[in-house]
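Right, one structure below, let's go through it.
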Amino acid sequence: PEGEPVSLLFSGGVDSSSVFLLARKALQDLGRDPDSVRAFTLDLGEGEDAAQAERWVRERGLEGQWERVRLEGARPDLEAAIAAIEDYHPLDVECAAASLLLLGAIR
């Protein structure tokens with residue numbers, strides 16, 4: 001809806017970076033503020049995603065639209081992830097478990 005922010009999960013990799021840029025472009029094309037897109041990166045400590053995401057936003061001057069969510073010591077709930085996605089592929093379950101942690105933190 002007009003005036004509402006757009007949030008996305010962001011690792012700084014090719015896929016989430018593309019989604020971030022496409023979301024900004026779509027808002028601009030709609031005559032809305034592209035800076036209303038906010039990207040969130042889960043940081044469980046010692047991981048590469050948060051460092052990669054930070055480099056990406058800094059190189060593009062988009063630090064104001066990005067937030068690192070630190071949850072050091074948090075443990076992903078694999079059973080909740082499997083229940084949410086009804087899938088047992090290890091990488092899908094891992095991604096879903098991390099997403100559930102991040103979504104819980106930003107709500």
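Residue names in the structure tokens use chain letters A, B, ... in the order shown, residue numbers from 1 in each chain, and ligand numbers from 1 in the order shown.
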
- Residues within 12 Å of A:Pro1, only C-alpha atoms, excluding chain neighbours under 4 positions, as a list in words: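 So, after excluding close chain neighbours, the residues are Pro5, Val6, Leu27, Leu30, Arg32 and Ser36 of chain A.
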
- What residues in chain A get the DSSP label helix (DSSP H, G or I)? Please answer as a ChimeraX atom specification. /A:14-29,34-36,48-59,63-65,78-85,90-106

Could those selected residues go to a file with C-alpha atoms, as an mmCIF file, in the first residue's frame?
data_model
loop_
_atom_site.group_PDB
_atom_site.id
_atom_site.type_symbol
_atom_site.label_atom_id
_atom_site.label_comp_id
_atom_site.auth_asym_id
_atom_site.auth_seq_id
_atom_site.Cartn_x
_atom_site.Cartn_y
_atom_site.Cartn_z
ATOM 1 C CA VAL A 14 23.225 -12.319 -6.453
ATOM 2 C CA ASP A 15 19.589 -13.276 -5.805
ATOM 3 C CA SER A 16 18.790 -10.951 -2.908
ATOM 4 C CA SER A 17 20.827 -8.121 -4.446
ATOM 5 C CA SER A 18 18.785 -8.413 -7.637
ATOM 6 C CA VAL A 19 15.525 -8.389 -5.674
ATOM 7 C CA PHE A 20 16.690 -5.326 -3.712
ATOM 8 C CA LEU A 21 17.517 -3.390 -6.887
ATOM 9 C CA LEU A 22 14.343 -4.532 -8.682
ATOM 10 C CA ALA A 23 12.177 -3.508 -5.716
ATOM 11 C CA ARG A 24 13.781 -0.051 -5.717
ATOM 12 C CA LYS A 25 13.232 0.254 -9.473
ATOM 13 C CA ALA A 26 9.602 -0.893 -9.241
ATOM 14 C CA LEU A 27 8.838 1.699 -6.568
ATOM 15 C CA GLN A 28 10.528 4.391 -8.616
ATOM 16 C CA ASP A 29 8.500 3.371 -11.685
ATOM 17 C CA PRO A 34 12.758 3.814 -3.739
ATOM 18 C CA ASP A 35 14.371 4.415 -0.343
ATOM 19 C CA SER A 36 11.286 2.946 1.330
ATOM 20 C CA GLU A 48 29.898 -14.339 5.833
ATOM 21 C CA ASP A 49 26.426 -13.165 4.779
ATOM 22 C CA ALA A 50 26.400 -10.110 7.031
ATOM 23 C CA ALA A 51 29.886 -9.018 5.929
ATOM 24 C CA GLN A 52 28.986 -9.594 2.273
ATOM 25 C CA ALA A 53 25.723 -7.655 2.652
ATOM 26 C CA GLU A 54 27.469 -4.760 4.371
ATOM 27 C CA ARG A 55 30.078 -4.516 1.604
ATOM 28 C CA TRP A 56 27.369 -4.561 -1.047
ATOM 29 C CA VAL A 57 25.273 -1.747 0.464
ATOM 30 C CA ARG A 58 28.334 0.397 1.223
ATOM 31 C CA GLU A 59 29.618 0.092 -2.344
ATOM 32 C CA GLU A 63 23.536 1.804 4.020
ATOM 33 C CA GLY A 64 20.470 3.781 5.082
ATOM 34 C CA GLN A 65 18.178 1.127 3.627
ATOM 35 C CA LEU A 78 14.623 -26.841 12.032
ATOM 36 C CA GLU A 79 11.339 -28.508 12.976
ATOM 37 C CA ALA A 80 9.472 -25.185 12.703
ATOM 38 C CA ALA A 81 11.124 -24.587 9.337
ATOM 39 C CA ILE A 82 10.061 -28.005 8.037
ATOM 40 C CA ALA A 83 6.511 -27.369 9.257
ATOM 41 C CA ALA A 84 6.457 -23.958 7.562
ATOM 42 C CA ILE A 85 7.731 -25.102 4.175
ATOM 43 C CA PRO A 90 18.602 -29.567 3.678
ATOM 44 C CA LEU A 91 19.399 -26.224 2.042
ATOM 45 C CA ASP A 92 15.712 -25.259 1.863
ATOM 46 C CA VAL A 93 15.217 -26.131 5.533
ATOM 47 C CA GLU A 94 18.343 -24.187 6.524
ATOM 48 C CA CYS A 95 17.173 -21.134 4.566
ATOM 49 C CA ALA A 96 13.667 -21.321 6.024
ATOM 50 C CA ALA A 97 14.986 -21.682 9.588
ATOM 51 C CA ALA A 98 17.199 -18.608 9.192
ATOM 52 C CA SER A 99 14.316 -16.691 7.609
ATOM 53 C CA LEU A 100 11.997 -17.540 10.501
ATOM 54 C CA LEU A 101 14.602 -16.277 12.990
ATOM 55 C CA LEU A 102 15.045 -13.035 11.071
ATOM 56 C CA LEU A 103 11.327 -12.455 10.575
ATOM 57 C CA GLY A 104 10.715 -13.030 14.269
ATOM 58 C CA ALA A 105 13.393 -10.477 15.140
ATOM 59 C CA ILE A 106 12.130 -7.697 12.870
#

- Mind the document's chain letters and residue numbers, and return as a ChimeraX atom specification the residues of chain A that DSSP labels strand (DSSP E). /A:6-9,37-43,66-70

- Query: In terms of the shortest atom-to-atom distance over only C-alpha atoms, which of A:Arg60, A:Arg70, A:Asp33, A:Thr41 is closest to A:Ser11?
  - Reply: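 Looking only at the distances to A:Ser11, the closest residue turns out to be A:Thr41.
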
- Selection near A:Ser7, 9 Å with only C-alpha atoms, sequence-local residues under 3 positions removed, as a list in words: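 Here the answer would be Ser36, Val37, Arg38, Ala39 and Phe40 of chain A.
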
Output file for the selection above: C-alpha atoms, as a CSV table (one decimal), in the first residue's frame:
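After the write, selection-v6.csv holds the following:
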chain,number,residue,atom,x,y,z
A,36,SER,CA,11.3,2.9,1.3
A,37,VAL,CA,12.8,-0.5,0.6
A,38,ARG,CA,14.5,-1.8,3.8
A,39,ALA,CA,16.8,-4.8,3.6
A,40,PHE,CA,17.5,-7.0,6.7

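In this model, the gap between atom CA of A:Glu46 and atom CA of A:Leu8 comes to 21.8 Å.
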
- Students should find that atom CA of A:Arg68 and atom CA of A:Glu4 are spaced 20.7 Å

- Query: So what do you get for atom CA of A:Glu2 versus atom CA of A:Leu42, distance-wise?
  - Reply: 27.1 Å
